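Dumped my_file-v7.cif below, it's mmCIF, C-alpha atoms:
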```
data_final
#
loop_
_atom_site.label_atom_id
_atom_site.label_comp_id
_atom_site.auth_asym_id
_atom_site.auth_seq_id
_atom_site.Cartn_x
_atom_site.Cartn_y
_atom_site.Cartn_z
CA MET A 8 30.72 -12.64 -79.38
CA ILE A 9 30.25 -9.89 -76.99
CA ARG A 10 28.90 -11.13 -73.85
CA PHE A 11 26.78 -8.66 -72.20
CA LEU A 12 26.91 -9.07 -68.56
CA LYS A 13 23.40 -9.31 -67.51
CA LYS A 14 22.68 -7.34 -64.48
CA ARG A 15 21.67 -9.84 -61.90
CA LEU A 16 18.78 -8.66 -59.86
CA PRO A 17 19.26 -9.25 -56.12
CA ASP A 18 17.41 -12.15 -54.70
CA ASP A 19 14.28 -11.21 -52.84
CA PRO A 20 12.57 -14.47 -52.00
CA ALA A 21 9.94 -12.89 -49.81
CA ASN A 22 8.66 -9.36 -49.82
CA SER A 23 9.08 -9.19 -46.06
CA GLY A 24 10.08 -5.56 -45.72
CA ALA A 25 6.73 -4.43 -44.38
CA LEU A 26 6.41 -7.42 -42.06
CA ASN A 27 9.87 -6.75 -40.65
CA ASP A 28 8.92 -3.14 -39.93
CA LEU A 29 5.69 -4.26 -38.31
CA SER A 30 7.40 -6.84 -36.12
CA PHE A 31 10.00 -4.35 -34.89
CA ILE A 32 7.37 -1.74 -34.16
CA LEU A 33 5.45 -4.31 -32.12
CA ILE A 34 8.64 -5.28 -30.28
CA ILE A 35 9.23 -1.65 -29.34
CA PHE A 36 5.59 -1.31 -28.30
CA PHE A 37 5.74 -4.28 -25.95
CA ILE A 38 9.08 -3.21 -24.50
CA VAL A 39 7.57 0.19 -23.72
CA ILE A 40 4.41 -1.38 -22.25
CA ALA A 41 6.51 -3.54 -19.96
CA GLY A 42 7.83 -0.41 -18.28
CA PHE A 43 4.38 0.91 -17.37
CA ASN A 44 3.74 -1.26 -14.34
CA ILE A 45 6.42 0.18 -12.13
CA ASN A 46 5.15 1.22 -8.73
CA LYS A 47 6.14 4.60 -7.40
CA GLY A 48 5.38 6.24 -4.12
CA PHE A 49 6.91 6.33 -0.66
CA LEU A 50 8.91 3.64 1.01
CA LEU A 51 8.15 3.69 4.73
CA ASN A 52 9.40 1.93 7.83
CA LEU A 53 6.42 1.10 9.94
CA PRO A 54 6.75 1.79 13.66
CA ASP A 55 7.75 -1.23 15.71
CA ARG A 56 5.00 -1.93 18.19
CA GLU A 57 7.09 -4.22 20.32
CA LYS A 58 10.05 -1.89 20.70
CA PRO A 59 8.76 1.66 21.01
CA ARG A 60 11.41 4.33 20.77
CA VAL A 61 11.90 6.84 23.55
CA VAL A 62 12.08 10.36 22.25
CA LYS A 63 12.71 13.62 24.10
CA THR A 64 9.64 15.80 24.06
CA GLU A 65 11.61 18.82 22.90
CA GLU A 66 12.74 16.85 19.85
CA LEU A 67 9.26 15.71 18.99
CA ILE A 68 6.62 17.32 16.82
CA VAL A 69 3.17 15.81 16.99
CA ALA A 70 0.64 16.60 14.28
CA THR A 71 -2.89 15.30 14.07
CA LEU A 72 -5.00 14.73 10.99
CA ASP A 73 -8.67 14.95 11.78
CA GLU A 74 -11.55 13.28 9.92
CA ASN A 75 -11.77 16.19 7.48
CA GLY A 76 -8.10 16.03 6.61
CA ALA A 77 -7.35 19.20 8.57
CA LEU A 78 -4.00 19.41 10.32
CA LEU A 79 -3.73 20.17 14.02
CA LEU A 80 -0.61 21.05 15.94
CA ASP A 81 -1.02 20.94 19.72
CA GLY A 82 -4.75 20.98 19.12
CA ASN A 83 -4.62 24.13 16.97
CA PRO A 84 -5.52 24.03 13.30
CA VAL A 85 -2.56 24.79 11.06
CA SER A 86 -2.01 24.93 7.36
CA ALA A 87 0.43 22.61 5.59
CA GLU A 88 2.75 25.58 5.12
CA ASP A 89 2.73 26.39 8.86
CA LEU A 90 3.44 22.79 9.68
CA ARG A 91 6.36 22.78 7.26
CA ARG A 92 7.72 25.92 8.88
CA GLU A 93 7.43 24.49 12.37
CA THR A 94 9.09 21.27 11.30
CA GLU A 95 11.93 23.11 9.58
CA ALA A 96 12.47 25.24 12.69
CA LEU A 97 12.63 22.16 14.91
CA GLN A 98 14.94 20.41 12.45
CA LYS A 99 17.38 23.34 12.57
CA GLU A 100 17.55 23.05 16.33
CA PHE A 101 17.42 19.28 16.54
CA PRO A 102 18.51 17.62 13.29
CA ASN A 103 17.42 14.23 14.66
CA CYS A 104 13.95 15.41 15.55
CA THR A 105 11.00 13.05 15.29
CA PHE A 106 7.74 13.77 13.54
CA LEU A 107 4.73 11.85 14.78
CA LEU A 108 1.55 11.90 12.74
CA GLN A 109 -1.64 10.88 14.47
CA ILE A 110 -4.34 9.97 11.98
CA HIS A 111 -8.07 9.96 12.59
CA PRO A 112 -9.63 6.70 11.36
CA ASP A 113 -11.87 8.55 8.92
CA ALA A 114 -9.18 10.80 7.49
CA GLU A 115 -8.83 10.30 3.77
CA TYR A 116 -5.80 8.49 2.48
CA GLN A 117 -4.89 11.42 0.22
CA SER A 118 -4.50 13.74 3.20
CA VAL A 119 -2.14 11.23 4.81
CA ILE A 120 -0.13 11.03 1.60
CA SER A 121 0.10 14.83 1.41
CA VAL A 122 1.63 14.98 4.89
CA ILE A 123 4.02 12.14 4.13
CA HIS A 124 5.06 13.94 0.96
CA ASP A 125 5.79 17.17 2.87
CA ILE A 126 7.80 15.28 5.49
CA ARG A 127 9.78 13.53 2.78
CA THR A 128 10.49 16.85 1.09
CA LEU A 129 11.85 18.18 4.38
CA LYS A 130 14.00 15.06 4.71
CA VAL A 131 12.89 14.33 8.25
CA GLU A 132 14.74 11.15 9.20
CA ASN A 133 12.50 9.98 12.01
CA PHE A 134 8.92 9.81 10.89
CA SER A 135 6.29 7.80 12.65
CA PHE A 136 2.56 7.56 12.24
CA ARG A 137 -0.32 5.86 13.96
CA MET A 138 -4.06 5.82 13.90
CA THR A 139 -5.83 7.40 16.82
CA GLY A 140 -8.82 5.75 18.52
CA GLY A 141 -10.48 2.57 17.28
CA ALA A 142 -8.72 -0.75 16.87
CA GLU A 143 -5.10 -0.46 15.76
CA MET B 15 17.16 -11.32 -44.74
CA SER B 16 14.71 -14.06 -43.82
CA SER B 17 16.76 -14.90 -40.71
CA MET B 18 16.40 -11.30 -39.56
CA SER B 19 12.65 -11.52 -39.83
CA ASP B 20 12.74 -14.87 -37.97
CA ILE B 21 14.76 -13.26 -35.19
CA GLY B 22 12.34 -10.35 -35.20
CA PHE B 23 9.31 -12.57 -34.76
CA LEU B 24 10.98 -14.69 -32.09
CA LEU B 25 11.82 -11.57 -30.13
CA LEU B 26 8.28 -10.36 -30.56
CA ILE B 27 6.79 -13.59 -29.24
CA PHE B 28 9.26 -13.61 -26.33
CA ILE B 29 8.44 -10.06 -25.32
CA MET B 30 4.71 -10.66 -25.65
CA LEU B 31 4.98 -13.67 -23.36
CA ILE B 32 7.05 -11.72 -20.83
CA SER B 33 4.47 -8.92 -20.78
CA LEU B 34 1.72 -11.50 -20.18
CA ILE B 35 3.67 -12.97 -17.24
CA ASN B 36 4.11 -9.50 -15.74
CA GLN B 37 0.43 -8.77 -16.05
CA ARG B 38 -0.95 -6.93 -13.13
CA HIS B 39 -4.34 -7.49 -11.52
CA GLU B 40 -5.51 -3.90 -11.30
CA VAL B 41 -8.41 -2.65 -9.30
CA LYS B 42 -10.21 0.45 -10.44
CA ILE B 43 -9.26 3.14 -7.95
CA GLU B 44 -8.36 6.78 -7.97
CA TYR B 45 -4.74 7.01 -7.01
CA SER B 46 -3.52 9.48 -4.43
CA GLU B 47 -1.17 12.04 -5.89
CA ALA B 48 2.08 13.57 -4.83
CA LYS B 49 4.68 15.69 -6.56
CA LYS B 50 7.91 13.91 -5.75
CA LEU B 51 7.93 10.15 -5.77
CA GLU B 52 10.50 7.45 -5.55
CA GLN B 53 10.55 4.15 -7.32
CA THR B 54 9.59 1.42 -4.92
CA GLN B 55 9.36 -1.50 -7.32
CA GLU B 56 11.46 -4.55 -6.46
CA THR B 57 12.13 -7.81 -8.26
CA GLU B 58 9.42 -9.54 -6.22
CA ASN B 59 6.34 -7.52 -5.36
CA LEU B 60 3.08 -8.06 -3.55
CA GLU B 61 0.33 -5.55 -4.22
CA ILE B 62 -2.46 -5.00 -1.75
CA TRP B 63 -5.30 -2.99 -3.24
CA VAL B 64 -7.67 -1.15 -0.89
CA GLU B 65 -10.87 0.36 -2.26
CA LYS B 66 -12.66 3.27 -0.63
CA ASN B 67 -15.30 0.98 0.82
CA GLY B 68 -12.55 -0.96 2.61
CA ARG B 69 -12.55 -3.95 0.31
CA MET B 70 -9.07 -5.40 -0.09
CA SER B 71 -7.75 -7.51 -2.91
CA VAL B 72 -4.55 -9.31 -3.72
CA ASN B 73 -3.75 -10.81 -7.13
CA GLY B 74 -7.26 -10.14 -8.36
CA SER B 75 -9.03 -11.87 -5.44
CA PHE B 76 -10.91 -10.12 -2.68
CA VAL B 77 -9.60 -10.99 0.77
CA ASN B 78 -10.50 -10.28 4.37
CA GLU B 79 -7.89 -9.41 7.00
CA ARG B 80 -7.30 -12.99 8.06
CA GLU B 81 -6.79 -14.17 4.50
CA LEU B 82 -4.55 -11.20 3.81
CA GLU B 83 -2.38 -12.07 6.79
CA GLY B 84 -2.07 -15.63 5.51
CA ILE B 85 -1.13 -14.47 2.01
CA ILE B 86 1.47 -12.02 3.28
CA ALA B 87 2.98 -14.56 5.67
CA GLU B 88 3.15 -17.20 2.95
CA THR B 89 4.61 -14.83 0.36
CA LEU B 90 7.24 -13.54 2.75
CA SER B 91 8.24 -17.00 3.89
CA LEU B 92 8.71 -18.14 0.28
CA LYS B 93 10.29 -14.93 -0.97
CA PRO B 94 11.67 -12.88 1.94
CA GLY B 95 12.80 -10.06 -0.32
CA THR B 96 9.26 -9.31 -1.51
CA ARG B 97 8.31 -5.64 -1.49
CA VAL B 98 4.81 -5.06 -0.17
CA HIS B 99 2.90 -2.28 -1.90
CA LEU B 100 -0.23 -0.70 -0.47
CA ILE B 101 -2.35 0.78 -3.22
CA ALA B 102 -5.39 2.57 -1.85
CA ASP B 103 -8.00 4.85 -3.33
CA ARG B 104 -7.40 8.49 -2.45
CA ALA B 105 -10.76 8.67 -0.65
CA THR B 106 -10.21 5.53 1.40
CA PRO B 107 -10.66 6.23 5.12
CA TYR B 108 -7.34 5.56 6.78
CA LYS B 109 -8.84 2.94 9.09
CA PHE B 110 -9.04 0.53 6.15
CA VAL B 111 -5.43 1.15 5.18
CA ASN B 112 -4.49 0.74 8.83
CA GLY B 113 -5.91 -2.77 8.73
CA ALA B 114 -3.24 -3.80 6.25
CA VAL B 115 -0.57 -1.78 8.06
CA SER B 116 -1.39 -3.52 11.34
CA ILE B 117 -1.04 -6.91 9.72
CA LEU B 118 2.40 -6.00 8.44
CA GLN B 119 3.42 -4.75 11.87
CA ARG B 120 2.20 -7.98 13.50
CA LEU B 121 4.22 -9.99 11.01
CA GLN B 122 7.23 -7.77 11.75
CA HIS B 123 7.50 -6.83 8.10
CA ARG B 124 7.90 -3.13 8.54
CA VAL B 125 9.03 -1.95 5.14
CA VAL B 126 6.07 -1.01 3.03
CA SER B 127 5.53 1.05 -0.08
CA PHE B 128 2.59 3.44 -0.25
CA VAL B 129 1.92 3.65 -3.96
CA VAL B 130 0.78 6.96 -5.40
CA GLU B 131 0.69 8.66 -8.77
CA GLU B 132 2.60 11.70 -9.81
CA GLU B 133 0.57 14.86 -9.35
CA LYS B 134 -0.63 16.24 -12.66
#
```
Write the structure described by the file as structure tokens, please.
Amino acid sequence: MIRFLKKRLPDDPANSGALNDLSFILIIFFIVIAGFNINKGFLLNLPDREKPRVVKTEELIVATLDENGALLLDGNPVSAEDLRRETEALQKEFPNCTFLLQIHPDAEYQSVISVIHDIRTLKVENFSFRMTGGAE
Amino acid sequence: MSSMSDIGFLLLIFIMLISLINQRHEVKIEYSEAKKLEQTQETENLEIWVEKNGRMSVNGSFVNERELEGIIAETLSLKPGTRVHLIADRATPYKFVNGAVSILQRLQHRVVSFVVEEEK
């Protein structure tokens, strides 16, 4: 008697192919979502009120942000580009120069961030900021 | 094959739970923008949200300056390595942000992250 070998069909107890795909897609989705809450911005060292640093005036650049977000250098309005140029020039002469930003209480936060961003781009090591007038 | 799907579902439940634990109490604000940012996230983080009307919130609860000082002091005493993030609306007058900054200076915790979004 010829025995025909019956082809044995592979066992497939549960048709879980689609569920497996779905579960792995959801895993990837949640892994990606978990990465969305990462804070980015600028890490700053706040000035120490109790131990103020002494800086030479020739190594110091003082800029003021008024209530409209306009920049002032020695009381004169300047553009962000002019301020960058002045800072770069001072940095060339004094690599350890200090940039002090004086902020009007009603200046918008975005204008402060823009200045901080420019200072960071210029890699100024010593950056300090304070609010002018009002309670500090 | 069934063990693979079991592993898959266990991983899924695990990751879902982790994402729930990491849930953030967000306040609706318009972020400030900048071109070049750095990552300031740490293992332990404390987020201080400041709205443009000066209202501050931490972990979903509105706080005044005194309460904020207490929360910061307590958090830092329990977890000294906590990174403090200041997240303010772009139109917030700086005086309100300065309130939080002053508290950090008083507590001698001088490292702070100003959180912004990448400029579009």
Dump as CSV the rows for residues of chain A within 7 Å of chain B: closest atom pair and distance in Å with one decimal, only C-alpha atoms counted, ordered by chain and rising residue number.
```
residue,atom,partner,partner_atom,distance
A:Asn27,CA,B:Ser19,CA,5.6
A:Ser30,CA,B:Gly22,CA,6.1
A:Phe31,CA,B:Gly22,CA,6.4
A:Leu33,CA,B:Leu26,CA,6.9
A:Ile34,CA,B:Leu26,CA,5.1
A:Phe37,CA,B:Ile29,CA,6.4
A:Ile38,CA,B:Ile29,CA,6.9
A:Ala41,CA,B:Ser33,CA,5.8
A:Ile45,CA,B:Gln55,CA,5.9
A:Asn46,CA,B:Gln55,CA,5.2
A:Lys47,CA,B:Gln53,CA,4.4
A:Gly48,CA,B:Val129,CA,4.3
A:Phe49,CA,B:Phe128,CA,5.2
A:Leu50,CA,B:Ser127,CA,4.4
A:Leu51,CA,B:Val126,CA,5.4
A:Asn52,CA,B:Val125,CA,4.7
A:Leu53,CA,B:Arg124,CA,4.7
A:Asp55,CA,B:Gln119,CA,6.8
A:Pro112,CA,B:Lys109,CA,4.5
A:Asp113,CA,B:Pro107,CA,4.6
A:Ala114,CA,B:Pro107,CA,5.4
A:Glu115,CA,B:Pro107,CA,4.7
A:Tyr116,CA,B:Arg104,CA,5.2
A:Gln117,CA,B:Arg104,CA,4.7
A:Ser121,CA,B:Ala48,CA,6.7
A:His124,CA,B:Ala48,CA,6.5
A:Glu143,CA,B:Ser116,CA,6.5
```
Give me a file of those residues, with C-alpha atoms, as a short mmCIF file (atom, residue, chain, number, x, y, z; two decimals), in the frame of the given file.
```cif
data_model
loop_
_atom_site.label_atom_id
_atom_site.label_comp_id
_atom_site.auth_asym_id
_atom_site.auth_seq_id
_atom_site.Cartn_x
_atom_site.Cartn_y
_atom_site.Cartn_z
CA ASN A 27 9.87 -6.75 -40.65
CA SER A 30 7.40 -6.84 -36.12
CA PHE A 31 10.00 -4.35 -34.89
CA LEU A 33 5.45 -4.31 -32.12
CA ILE A 34 8.64 -5.28 -30.28
CA PHE A 37 5.74 -4.28 -25.95
CA ILE A 38 9.08 -3.21 -24.50
CA ALA A 41 6.51 -3.54 -19.96
CA ILE A 45 6.42 0.18 -12.13
CA ASN A 46 5.15 1.22 -8.73
CA LYS A 47 6.14 4.60 -7.40
CA GLY A 48 5.38 6.24 -4.12
CA PHE A 49 6.91 6.33 -0.66
CA LEU A 50 8.91 3.64 1.01
CA LEU A 51 8.15 3.69 4.73
CA ASN A 52 9.40 1.93 7.83
CA LEU A 53 6.42 1.10 9.94
CA ASP A 55 7.75 -1.23 15.71
CA PRO A 112 -9.63 6.70 11.36
CA ASP A 113 -11.87 8.55 8.92
CA ALA A 114 -9.18 10.80 7.49
CA GLU A 115 -8.83 10.30 3.77
CA TYR A 116 -5.80 8.49 2.48
CA GLN A 117 -4.89 11.42 0.22
CA SER A 121 0.10 14.83 1.41
CA HIS A 124 5.06 13.94 0.96
CA GLU A 143 -5.10 -0.46 15.76
#
```
For range 87-103 of chain A, please output as a PyMOL selection string all residues within 10 Å (counting only C-alpha atoms; exclusion window: fewer than 2 positions along the same chain).
-> chain A and resi 65-70+77-80+84-85+105-106+121-122+125-126+128-133
As a check of understanding: the span from CA of Glu58 in chain B to CA of Thr96 in chain B is 4.7 Å
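Compared by their closest atoms to Glu79 in chain B, and using all atoms listed in the file, the residues B:Leu121, B:Ile62, B:Ala114, B:Ile43 rank with B:Ala114 nearest.
Here CA of Gly76 in chain A and CA of Ser118 in chain A stand 5.5 Å from one another.
Going from CA of Ser86 in chain A to CA of Ile120 in chain A covers 15.2 Å.
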How big is the axis-aligned box around the listed atoms of range 59-75 of chain A once 6 Å is added on each side, and where is its centre? Give both in Å to one decimal, as AutoDock Vina command-line options.
```
--center_x 0.5 --center_y 10.2 --center_z 15.8 --size_x 36.5 --size_y 29.2 --size_z 28.6
```
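When all atoms listed in the file are used to measure the gap to Gly95 in chain B, the shortest distance among B:Asn67, B:Thr57, B:Glu44, B:Ser17 belongs to B:Thr57.
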